[in-house]
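Data block for input.pdb (PDB, C-alpha atoms):
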MODEL        1
ATOM      1  CA  MET A  26       0.000   0.000   0.000  1.00  0.00           C
ATOM      2  CA  ASP A  27       1.470   3.344  -1.102  1.00  0.00           C
ATOM      3  CA  ASN A  28       1.265   6.389   1.112  1.00  0.00           C
ATOM      4  CA  ARG A  29       2.194  10.081   1.017  1.00  0.00           C
ATOM      5  CA  LEU A  30       3.388  10.227   4.603  1.00  0.00           C
ATOM      6  CA  ARG A  31       6.920  11.424   3.835  1.00  0.00           C
ATOM      7  CA  VAL A  32       5.699  14.179   1.507  1.00  0.00           C
ATOM      8  CA  LEU A  33       3.000  15.384   3.895  1.00  0.00           C
ATOM      9  CA  ARG A  34       5.430  15.331   6.796  1.00  0.00           C
ATOM     10  CA  ALA A  35       8.042  17.257   4.806  1.00  0.00           C
ATOM     11  CA  GLU A  36       5.452  19.889   3.820  1.00  0.00           C
ATOM     12  CA  ARG A  37       4.832  20.542   7.512  1.00  0.00           C
ATOM     13  CA  ARG A  38       8.557  20.340   8.370  1.00  0.00           C
ATOM     14  CA  TRP A  39       7.902  17.640  10.960  1.00  0.00           C
ATOM     15  CA  SER A  40      10.570  15.129  11.866  1.00  0.00           C
ATOM     16  CA  GLN A  41       9.681  11.443  12.136  1.00  0.00           C
ATOM     17  CA  ALA A  42      10.045  11.737  15.902  1.00  0.00           C
ATOM     18  CA  GLU A  43       7.656  14.696  15.999  1.00  0.00           C
ATOM     19  CA  LEU A  44       5.019  12.868  13.948  1.00  0.00           C
ATOM     20  CA  ALA A  45       5.505   9.755  16.087  1.00  0.00           C
ATOM     21  CA  GLU A  46       4.904  11.829  19.214  1.00  0.00           C
ATOM     22  CA  ARG A  47       1.729  13.346  17.746  1.00  0.00           C
ATOM     23  CA  LEU A  48       0.449   9.849  16.888  1.00  0.00           C
ATOM     24  CA  GLY A  49       1.580   8.182  20.122  1.00  0.00           C
ATOM     25  CA  VAL A  50       3.685   5.585  18.297  1.00  0.00           C
ATOM     26  CA  SER A  51       7.409   4.920  18.029  1.00  0.00           C
ATOM     27  CA  ARG A  52       9.623   6.594  15.442  1.00  0.00           C
ATOM     28  CA  GLN A  53      10.358   3.149  14.043  1.00  0.00           C
ATOM     29  CA  THR A  54       6.652   2.702  13.288  1.00  0.00           C
ATOM     30  CA  VAL A  55       6.517   5.994  11.356  1.00  0.00           C
ATOM     31  CA  ASN A  56       9.671   5.009   9.472  1.00  0.00           C
ATOM     32  CA  ALA A  57       8.336   1.532   8.653  1.00  0.00           C
ATOM     33  CA  ILE A  58       5.073   3.005   7.295  1.00  0.00           C
ATOM     34  CA  GLU A  59       6.927   5.599   5.203  1.00  0.00           C
ATOM     35  CA  THR A  60       9.243   3.020   3.674  1.00  0.00           C
ATOM     36  CA  GLY A  61       6.353   0.639   2.955  1.00  0.00           C
ATOM     37  CA  LYS A  62       7.691  -2.072   5.260  1.00  0.00           C
ATOM     38  CA  TYR A  63       4.581  -1.959   7.417  1.00  0.00           C
ATOM     39  CA  ASP A  64       0.916  -1.175   6.722  1.00  0.00           C
ATOM     40  CA  PRO A  65      -0.747   0.547   9.690  1.00  0.00           C
ATOM     41  CA  SER A  66      -3.906  -0.695  11.366  1.00  0.00           C
ATOM     42  CA  LEU A  67      -7.169   1.062  10.454  1.00  0.00           C
ATOM     43  CA  PRO A  68      -7.270   3.113  13.706  1.00  0.00           C
ATOM     44  CA  LEU A  69      -3.687   4.305  13.152  1.00  0.00           C
ATOM     45  CA  ALA A  70      -4.374   5.090   9.478  1.00  0.00           C
ATOM     46  CA  PHE A  71      -7.358   7.210  10.559  1.00  0.00           C
ATOM     47  CA  ALA A  72      -5.226   8.901  13.232  1.00  0.00           C
ATOM     48  CA  ILE A  73      -2.590   9.731  10.607  1.00  0.00           C
ATOM     49  CA  ALA A  74      -5.209  11.183   8.252  1.00  0.00           C
ATOM     50  CA  LYS A  75      -6.697  13.224  11.099  1.00  0.00           C
ATOM     51  CA  THR A  76      -3.250  14.545  12.083  1.00  0.00           C
ATOM     52  CA  PHE A  77      -2.743  15.816   8.520  1.00  0.00           C
ATOM     53  CA  GLU A  78      -6.391  17.022   8.366  1.00  0.00           C
ATOM     54  CA  MET A  79      -7.006  14.963   5.250  1.00  0.00           C
ATOM     55  CA  LYS A  80      -9.185  12.069   4.145  1.00  0.00           C
ATOM     56  CA  ILE A  81      -7.663   8.646   4.630  1.00  0.00           C
ATOM     57  CA  GLU A  82      -7.703   7.982   0.869  1.00  0.00           C
ATOM     58  CA  ASP A  83      -5.691  11.160   0.305  1.00  0.00           C
ATOM     59  CA  VAL A  84      -2.892   9.762   2.474  1.00  0.00           C
ATOM     60  CA  PHE A  85      -3.020   6.065   1.579  1.00  0.00           C
ATOM     61  CA  ASN A  86      -3.419   4.434  -1.812  1.00  0.00           C
ATOM     62  CA  PRO A  87      -4.573   0.816  -1.507  1.00  0.00           C
ATOM     63  CA  ASN A  88      -3.705   0.139  -5.157  1.00  0.00           C
ATOM     64  CA  GLY A  89      -0.002   0.740  -4.566  1.00  0.00           C
ATOM     65  CA  ASN A  90       2.644  -1.832  -3.752  1.00  0.00           C
TER      66      ASN A  90
ATOM     67  CA  MET B  29       5.709  11.563  25.468  1.00  0.00           C
ATOM     68  CA  THR B  30       9.296  10.720  24.618  1.00  0.00           C
ATOM     69  CA  CYS B  31       9.767   8.471  21.598  1.00  0.00           C
ATOM     70  CA  SER B  32      12.715   6.096  21.307  1.00  0.00           C
ATOM     71  CA  LEU B  33      13.273   4.054  18.160  1.00  0.00           C
ATOM     72  CA  LEU B  34      11.032   1.041  18.769  1.00  0.00           C
ATOM     73  CA  TYR B  35       9.769   1.513  22.315  1.00  0.00           C
ATOM     74  CA  THR B  36       7.639   4.484  23.288  1.00  0.00           C
ATOM     75  CA  ALA B  37       8.035   5.762  26.857  1.00  0.00           C
ATOM     76  CA  ARG B  38       4.914   3.790  27.883  1.00  0.00           C
ATOM     77  CA  ASP B  39       6.249   0.617  26.241  1.00  0.00           C
ATOM     78  CA  GLY B  40       9.571   1.057  28.019  1.00  0.00           C
ATOM     79  CA  ARG B  41       7.836   1.414  31.373  1.00  0.00           C
ATOM     80  CA  ASN B  42       5.583  -1.602  30.818  1.00  0.00           C
ATOM     81  CA  TYR B  43       8.488  -3.740  29.620  1.00  0.00           C
ATOM     82  CA  ARG B  44      10.560  -2.773  32.673  1.00  0.00           C
ATOM     83  CA  VAL B  45       7.670  -3.876  34.929  1.00  0.00           C
ATOM     84  CA  PHE B  46       7.611  -7.231  33.128  1.00  0.00           C
ATOM     85  CA  THR B  47      11.405  -7.549  33.467  1.00  0.00           C
ATOM     86  CA  TRP B  48      11.248  -6.910  37.214  1.00  0.00           C
ATOM     87  CA  TRP B  49       8.537  -9.539  37.754  1.00  0.00           C
ATOM     88  CA  MET B  50      10.399 -12.032  35.536  1.00  0.00           C
ATOM     89  CA  THR B  51      13.695 -11.426  37.342  1.00  0.00           C
ATOM     90  CA  ALA B  52      12.010 -11.880  40.732  1.00  0.00           C
ATOM     91  CA  ALA B  53      10.363 -15.099  39.503  1.00  0.00           C
ATOM     92  CA  MET B  54      13.639 -16.507  38.130  1.00  0.00           C
ATOM     93  CA  LEU B  55      15.593 -15.653  41.297  1.00  0.00           C
ATOM     94  CA  THR B  56      12.902 -17.257  43.460  1.00  0.00           C
ATOM     95  CA  PHE B  57      12.895 -20.308  41.184  1.00  0.00           C
ATOM     96  CA  ALA B  58      16.684 -20.626  41.431  1.00  0.00           C
ATOM     97  CA  ALA B  59      16.633 -20.187  45.205  1.00  0.00           C
ATOM     98  CA  ALA B  60      13.819 -22.711  45.591  1.00  0.00           C
ATOM     99  CA  THR B  61      15.656 -25.248  43.412  1.00  0.00           C
ATOM    100  CA  ILE B  62      18.899 -24.951  45.404  1.00  0.00           C
ATOM    101  CA  LEU B  63      17.212 -24.969  48.829  1.00  0.00           C
ATOM    102  CA  ILE B  64      14.848 -27.879  48.058  1.00  0.00           C
ATOM    103  CA  ASP B  65      17.501 -29.990  46.266  1.00  0.00           C
ATOM    104  CA  GLY B  66      19.982 -29.510  49.101  1.00  0.00           C
ATOM    105  CA  ASN B  67      17.416 -30.223  51.829  1.00  0.00           C
ATOM    106  CA  PHE B  68      18.305 -26.883  53.410  1.00  0.00           C
ATOM    107  CA  ILE B  69      14.690 -26.035  54.304  1.00  0.00           C
ATOM    108  CA  PRO B  70      11.716 -27.974  55.747  1.00  0.00           C
ATOM    109  CA  THR B  71       9.067 -29.271  53.330  1.00  0.00           C
ATOM    110  CA  ALA B  72       6.540 -26.588  54.377  1.00  0.00           C
ATOM    111  CA  ALA B  73       9.021 -23.836  53.484  1.00  0.00           C
ATOM    112  CA  GLY B  74       9.673 -25.593  50.176  1.00  0.00           C
ATOM    113  CA  TRP B  75       5.968 -25.510  49.369  1.00  0.00           C
ATOM    114  CA  ALA B  76       5.825 -21.836  50.335  1.00  0.00           C
ATOM    115  CA  LEU B  77       8.748 -21.030  48.016  1.00  0.00           C
ATOM    116  CA  THR B  78       7.179 -23.041  45.198  1.00  0.00           C
ATOM    117  CA  THR B  79       3.888 -21.177  45.659  1.00  0.00           C
ATOM    118  CA  ALA B  80       5.759 -17.847  45.680  1.00  0.00           C
ATOM    119  CA  THR B  81       7.522 -18.808  42.435  1.00  0.00           C
ATOM    120  CA  ALA B  82       4.206 -19.683  40.780  1.00  0.00           C
ATOM    121  CA  ILE B  83       2.627 -16.395  41.922  1.00  0.00           C
ATOM    122  CA  LEU B  84       5.597 -14.367  40.644  1.00  0.00           C
ATOM    123  CA  MET B  85       5.513 -16.183  37.293  1.00  0.00           C
ATOM    124  CA  VAL B  86       1.785 -15.504  36.904  1.00  0.00           C
ATOM    125  CA  ALA B  87       2.452 -11.833  37.762  1.00  0.00           C
ATOM    126  CA  ALA B  88       5.210 -11.741  35.110  1.00  0.00           C
ATOM    127  CA  MET B  89       2.864 -13.304  32.552  1.00  0.00           C
ATOM    128  CA  ARG B  90       0.140 -10.794  33.409  1.00  0.00           C
ATOM    129  CA  SER B  91       2.552  -7.853  33.097  1.00  0.00           C
ATOM    130  CA  TYR B  92       3.687  -9.140  29.679  1.00  0.00           C
ATOM    131  CA  ILE B  93       0.055  -9.276  28.511  1.00  0.00           C
ATOM    132  CA  VAL B  94      -0.444  -5.701  29.779  1.00  0.00           C
ATOM    133  CA  PHE B  95       2.715  -4.690  27.888  1.00  0.00           C
ATOM    134  CA  LEU B  96       1.508  -6.376  24.674  1.00  0.00           C
ATOM    135  CA  ARG B  97      -2.012  -4.930  24.873  1.00  0.00           C
ATOM    136  CA  ASN B  98      -0.727  -1.372  25.291  1.00  0.00           C
ATOM    137  CA  ALA B  99       2.295  -1.653  23.011  1.00  0.00           C
ATOM    138  CA  ASP B 100       2.933   0.380  19.903  1.00  0.00           C
ATOM    139  CA  GLU B 101       1.405  -1.688  17.080  1.00  0.00           C
ATOM    140  CA  LEU B 102       4.678  -2.385  15.248  1.00  0.00           C
ATOM    141  CA  LEU B 103       6.342  -3.418  18.516  1.00  0.00           C
ATOM    142  CA  ARG B 104       3.379  -5.718  19.243  1.00  0.00           C
ATOM    143  CA  LYS B 105       3.789  -7.305  15.810  1.00  0.00           C
ATOM    144  CA  VAL B 106       7.508  -7.887  16.458  1.00  0.00           C
ATOM    145  CA  HIS B 107       6.797  -9.500  19.840  1.00  0.00           C
ATOM    146  CA  LEU B 108       3.910 -11.668  18.597  1.00  0.00           C
ATOM    147  CA  GLU B 109       5.981 -12.915  15.657  1.00  0.00           C
ATOM    148  CA  ALA B 110       8.847 -13.697  18.052  1.00  0.00           C
ATOM    149  CA  LEU B 111       6.436 -15.604  20.320  1.00  0.00           C
ATOM    150  CA  ALA B 112       5.044 -17.599  17.377  1.00  0.00           C
ATOM    151  CA  PHE B 113       8.575 -18.335  16.154  1.00  0.00           C
ATOM    152  CA  ALA B 114       9.644 -19.433  19.661  1.00  0.00           C
ATOM    153  CA  PHE B 115       6.578 -21.629  20.152  1.00  0.00           C
ATOM    154  CA  GLY B 116       7.131 -23.349  16.806  1.00  0.00           C
ATOM    155  CA  ALA B 117      10.867 -23.777  17.290  1.00  0.00           C
ATOM    156  CA  GLY B 118      10.374 -25.055  20.853  1.00  0.00           C
ATOM    157  CA  LEU B 119       7.803 -27.596  19.689  1.00  0.00           C
ATOM    158  CA  VAL B 120       9.955 -28.793  16.785  1.00  0.00           C
ATOM    159  CA  ALA B 121      13.053 -29.029  19.001  1.00  0.00           C
ATOM    160  CA  MET B 122      11.280 -30.949  21.771  1.00  0.00           C
ATOM    161  CA  MET B 123       9.465 -33.383  19.466  1.00  0.00           C
ATOM    162  CA  CYS B 124      12.412 -34.035  17.188  1.00  0.00           C
ATOM    163  CA  TYR B 125      14.791 -34.468  20.108  1.00  0.00           C
ATOM    164  CA  ARG B 126      12.514 -37.174  21.500  1.00  0.00           C
ATOM    165  CA  LEU B 127      13.195 -39.096  18.293  1.00  0.00           C
ATOM    166  CA  CYS B 128      16.928 -38.307  18.529  1.00  0.00           C
ATOM    167  CA  GLU B 129      16.952 -39.732  22.080  1.00  0.00           C
ATOM    168  CA  ARG B 130      15.476 -42.970  20.747  1.00  0.00           C
ATOM    169  CA  LEU B 131      18.325 -43.041  18.234  1.00  0.00           C
ATOM    170  CA  GLY B 132      20.905 -42.740  20.984  1.00  0.00           C
ATOM    171  CA  ALA B 133      21.328 -39.014  21.614  1.00  0.00           C
ATOM    172  CA  PRO B 134      21.933 -38.061  25.285  1.00  0.00           C
ATOM    173  CA  LYS B 135      18.782 -37.522  27.372  1.00  0.00           C
ATOM    174  CA  LEU B 136      17.959 -33.883  28.062  1.00  0.00           C
ATOM    175  CA  ASP B 137      16.210 -32.257  30.990  1.00  0.00           C
ATOM    176  CA  VAL B 138      12.639 -31.033  30.479  1.00  0.00           C
ATOM    177  CA  ASN B 139      13.889 -27.463  31.120  1.00  0.00           C
ATOM    178  CA  ASP B 140      16.085 -27.596  28.009  1.00  0.00           C
ATOM    179  CA  GLY B 141      12.984 -27.236  25.817  1.00  0.00           C
ATOM    180  CA  GLY B 142      12.126 -24.079  27.738  1.00  0.00           C
ATOM    181  CA  LEU B 143      15.643 -22.805  27.162  1.00  0.00           C
ATOM    182  CA  VAL B 144      15.265 -23.296  23.381  1.00  0.00           C
ATOM    183  CA  LEU B 145      11.961 -21.430  23.565  1.00  0.00           C
ATOM    184  CA  PHE B 146      13.493 -18.540  25.519  1.00  0.00           C
ATOM    185  CA  ILE B 147      16.549 -18.185  23.249  1.00  0.00           C
ATOM    186  CA  VAL B 148      14.440 -18.261  20.073  1.00  0.00           C
ATOM    187  CA  TRP B 149      12.019 -15.708  21.594  1.00  0.00           C
ATOM    188  CA  ILE B 150      14.915 -13.299  22.271  1.00  0.00           C
ATOM    189  CA  GLY B 151      16.405 -14.012  18.822  1.00  0.00           C
ATOM    190  CA  GLY B 152      13.021 -13.461  17.180  1.00  0.00           C
ATOM    191  CA  GLN B 153      12.716 -10.046  18.818  1.00  0.00           C
ATOM    192  CA  TRP B 154      16.179  -9.125  17.574  1.00  0.00           C
ATOM    193  CA  ILE B 155      15.386 -10.259  14.017  1.00  0.00           C
ATOM    194  CA  GLY B 156      12.059  -8.366  14.063  1.00  0.00           C
ATOM    195  CA  ALA B 157      13.711  -5.201  15.353  1.00  0.00           C
ATOM    196  CA  ARG B 158      16.335  -5.440  12.592  1.00  0.00           C
ATOM    197  CA  ARG B 159      13.704  -6.012   9.911  1.00  0.00           C
ATOM    198  CA  TYR B 160      12.044  -2.700  10.748  1.00  0.00           C
ATOM    199  CA  ALA B 161      15.267  -0.901  11.659  1.00  0.00           C
ATOM    200  CA  VAL B 162      15.048   2.844  11.199  1.00  0.00           C
ATOM    201  CA  ALA B 163      16.866   4.197   8.170  1.00  0.00           C
ATOM    202  CA  GLU B 164      18.427   7.643   8.219  1.00  0.00           C
ATOM    203  CA  GLU B 165      15.721  10.269   8.461  1.00  0.00           C
ATOM    204  CA  GLN B 166      14.923  11.853   5.103  1.00  0.00           C
TER     205      GLN B 166
ENDMDL
END
Now that the file is in, can you turn its structure into structure tokens?
Amino acid sequence: MDNRLRVLRAERRWSQAELAERLGVSRQTVNAIETGKYDPSLPLAFAIAKTFEMKIEDVFNPNGN
Amino acid sequence: MTCSLLYTARDGRNYRVFTWWMTAAMLTFAAATILIDGNFIPTAAGWALTTATAILMVAAMRSYIVFLRNADELLRKVHLEALAFAFGAGLVAMMCYRLCERLGAPKLDVNDGGLVLFIVWIGGQWIGARRYAVAEEQ
């Protein structure tokens, strides 16, 4: 599953650690999602979309790799 | 909340609680084994130590479940995969070694299966942590 996490984070000038703190997860989790090594659970995907004030489908693309 | 690489501050706290309970259980187990084997204590005290060991082990198990339930979801995945890996490896080792014993291999203690399980559990956590290792921030 593709996602735009890195781009959205860069637009807001947030570090991985800062985004992790906002989401209440570890930095490794944010990194693993960004690099496509790990697909987040539905609650975390919604939390990510809410943090960026976007719709979930604008952050994640289920048709990606 | 302070974020480390794989463990959040909450995960670190919960895991430390588990480690303390586990350490207390293992020390009590070791003490009970030495004291009972050497006939250093009366039978009643032996039963008390055995009961204390069981209680501490249950407390350790409960604290691990609390840790898992509250853990960061990637960390939980790493730990659950390590547990599954350890369970499978422990089962394979114990069953296959039974056959090896019938073929002449030296007899092992029942605790040796537990040791395989523990080592593979630790190794599984290490492998999982490496799989999701953080790359340089971009």
### Message
Given the PyMOL selection byres ((chain B and resi 82) around 12) and the file above, list the residues it selects as a list in words.
### Response
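Taken over the shown coordinates, the PyMOL selection byres ((chain B and resi 82) around 12) returns Trp49, Met50, Ala52, Ala53, Met54, Thr56, Phe57, Ala60, Trp75, Ala76, Leu77, Thr78, Thr79, Ala80, Thr81, Ile83, Leu84, Met85, Val86, Ala87, Ala88 and Met89 of chain B.
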Could the residues in this selection be written to a file with C-alpha atoms, as a PDB file, keeping the file's coordinate frame?
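Result saved to result33.pdb:
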ATOM      1  CA  TRP B  49       8.537  -9.539  37.754  1.00  0.00           C
ATOM      2  CA  MET B  50      10.399 -12.032  35.536  1.00  0.00           C
ATOM      3  CA  ALA B  52      12.010 -11.880  40.732  1.00  0.00           C
ATOM      4  CA  ALA B  53      10.363 -15.099  39.503  1.00  0.00           C
ATOM      5  CA  MET B  54      13.639 -16.507  38.130  1.00  0.00           C
ATOM      6  CA  THR B  56      12.902 -17.257  43.460  1.00  0.00           C
ATOM      7  CA  PHE B  57      12.895 -20.308  41.184  1.00  0.00           C
ATOM      8  CA  ALA B  60      13.819 -22.711  45.591  1.00  0.00           C
ATOM      9  CA  TRP B  75       5.968 -25.510  49.369  1.00  0.00           C
ATOM     10  CA  ALA B  76       5.825 -21.836  50.335  1.00  0.00           C
ATOM     11  CA  LEU B  77       8.748 -21.030  48.016  1.00  0.00           C
ATOM     12  CA  THR B  78       7.179 -23.041  45.198  1.00  0.00           C
ATOM     13  CA  THR B  79       3.888 -21.177  45.659  1.00  0.00           C
ATOM     14  CA  ALA B  80       5.759 -17.847  45.680  1.00  0.00           C
ATOM     15  CA  THR B  81       7.522 -18.808  42.435  1.00  0.00           C
ATOM     16  CA  ILE B  83       2.627 -16.395  41.922  1.00  0.00           C
ATOM     17  CA  LEU B  84       5.597 -14.367  40.644  1.00  0.00           C
ATOM     18  CA  MET B  85       5.513 -16.183  37.293  1.00  0.00           C
ATOM     19  CA  VAL B  86       1.785 -15.504  36.904  1.00  0.00           C
ATOM     20  CA  ALA B  87       2.452 -11.833  37.762  1.00  0.00           C
ATOM     21  CA  ALA B  88       5.210 -11.741  35.110  1.00  0.00           C
ATOM     22  CA  MET B  89       2.864 -13.304  32.552  1.00  0.00           C
TER      23      MET B  89
END
Would you give me, as a PDB file with C-alpha atoms, keeping the file's coordinate frame, the residues of chain A that come within 9 Å of chain B, using all atoms listed in the file?
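Result saved to part.pdb:
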ATOM      1  CA  ARG A  31       6.920  11.424   3.835  1.00  0.00           C
ATOM      2  CA  ALA A  35       8.042  17.257   4.806  1.00  0.00           C
ATOM      3  CA  SER A  40      10.570  15.129  11.866  1.00  0.00           C
ATOM      4  CA  GLN A  41       9.681  11.443  12.136  1.00  0.00           C
ATOM      5  CA  ALA A  42      10.045  11.737  15.902  1.00  0.00           C
ATOM      6  CA  GLU A  43       7.656  14.696  15.999  1.00  0.00           C
ATOM      7  CA  ALA A  45       5.505   9.755  16.087  1.00  0.00           C
ATOM      8  CA  GLU A  46       4.904  11.829  19.214  1.00  0.00           C
ATOM      9  CA  ARG A  47       1.729  13.346  17.746  1.00  0.00           C
ATOM     10  CA  GLY A  49       1.580   8.182  20.122  1.00  0.00           C
ATOM     11  CA  VAL A  50       3.685   5.585  18.297  1.00  0.00           C
ATOM     12  CA  SER A  51       7.409   4.920  18.029  1.00  0.00           C
ATOM     13  CA  ARG A  52       9.623   6.594  15.442  1.00  0.00           C
ATOM     14  CA  GLN A  53      10.358   3.149  14.043  1.00  0.00           C
ATOM     15  CA  THR A  54       6.652   2.702  13.288  1.00  0.00           C
ATOM     16  CA  ASN A  56       9.671   5.009   9.472  1.00  0.00           C
ATOM     17  CA  ALA A  57       8.336   1.532   8.653  1.00  0.00           C
ATOM     18  CA  THR A  60       9.243   3.020   3.674  1.00  0.00           C
ATOM     19  CA  LYS A  62       7.691  -2.072   5.260  1.00  0.00           C
ATOM     20  CA  TYR A  63       4.581  -1.959   7.417  1.00  0.00           C
ATOM     21  CA  PRO A  65      -0.747   0.547   9.690  1.00  0.00           C
ATOM     22  CA  SER A  66      -3.906  -0.695  11.366  1.00  0.00           C
ATOM     23  CA  LEU A  69      -3.687   4.305  13.152  1.00  0.00           C
TER      24      LEU A  69
END
### Query
Hey, can you check how far atom CA of Asn67 of chain B sits from atom CA of Gly141 of chain B?
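Those two atoms sit 26.6 Å apart.
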### Query
Which is closest to Phe85 of chain A among A:Met26, A:Val55, A:Leu33, A:Leu48, if we use only C-alpha atoms?
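Ranking A:Met26, A:Val55, A:Leu33, A:Leu48 by distance to Phe85 of chain A, first place goes to A:Met26.
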Hey, what's within 10 Å of Phe77 of chain A if we count all atoms listed in the file and toss same-chain stuff fewer than 2 positions away? As a compact mmCIF listing (two decimals) with C-alpha atoms, keeping the file's coordinate frame, please?
# COMPACT_ATOMS: atom_id res chain seq x y z
CA LEU A 30 3.39 10.23 4.60
CA LEU A 33 3.00 15.38 3.90
CA ARG A 34 5.43 15.33 6.80
CA ARG A 37 4.83 20.54 7.51
CA LEU A 44 5.02 12.87 13.95
CA PHE A 71 -7.36 7.21 10.56
CA ALA A 72 -5.23 8.90 13.23
CA ILE A 73 -2.59 9.73 10.61
CA ALA A 74 -5.21 11.18 8.25
CA LYS A 75 -6.70 13.22 11.10
CA MET A 79 -7.01 14.96 5.25
CA LYS A 80 -9.18 12.07 4.14
CA ILE A 81 -7.66 8.65 4.63
CA ASP A 83 -5.69 11.16 0.30
CA VAL A 84 -2.89 9.76 2.47
### Coordinates-based distance that separates atom CA of Val94 of chain B from atom CA of Phe46 of chain B (Å, one decimal)
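These two atoms are separated by 8.9 Å.
Between atom CA of Trp48 of chain B and atom CA of Arg90 of chain B the separation is 12.4 Å.
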### Message
I need the residue nearest Ala114 of chain B from this list: B:Phe68, B:Tyr43, B:Trp154, B:Trp149. Use all atoms listed in the file for the distance.
### Response
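Using all atoms listed in the file, Ala114 of chain B sits closest to B:Trp149.
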### Task
Return as a ChimeraX atom specification the set of residues that the PyMOL selection byres ((chain B and resi 109-111) around 10) yields on the displayed structure.
/B:103-108,112-117,145-146,148-156
Can you report as AutoDock Vina command-line options the centre and edge lengths in Å, to one decimal, of an axis-aligned box around the listed atoms of segment 56-68 of chain A padded with 6 Å on each side?
--center_x 1.2 --center_y 1.8 --center_z 8.3 --size_x 28.9 --size_y 19.7 --size_z 22.8
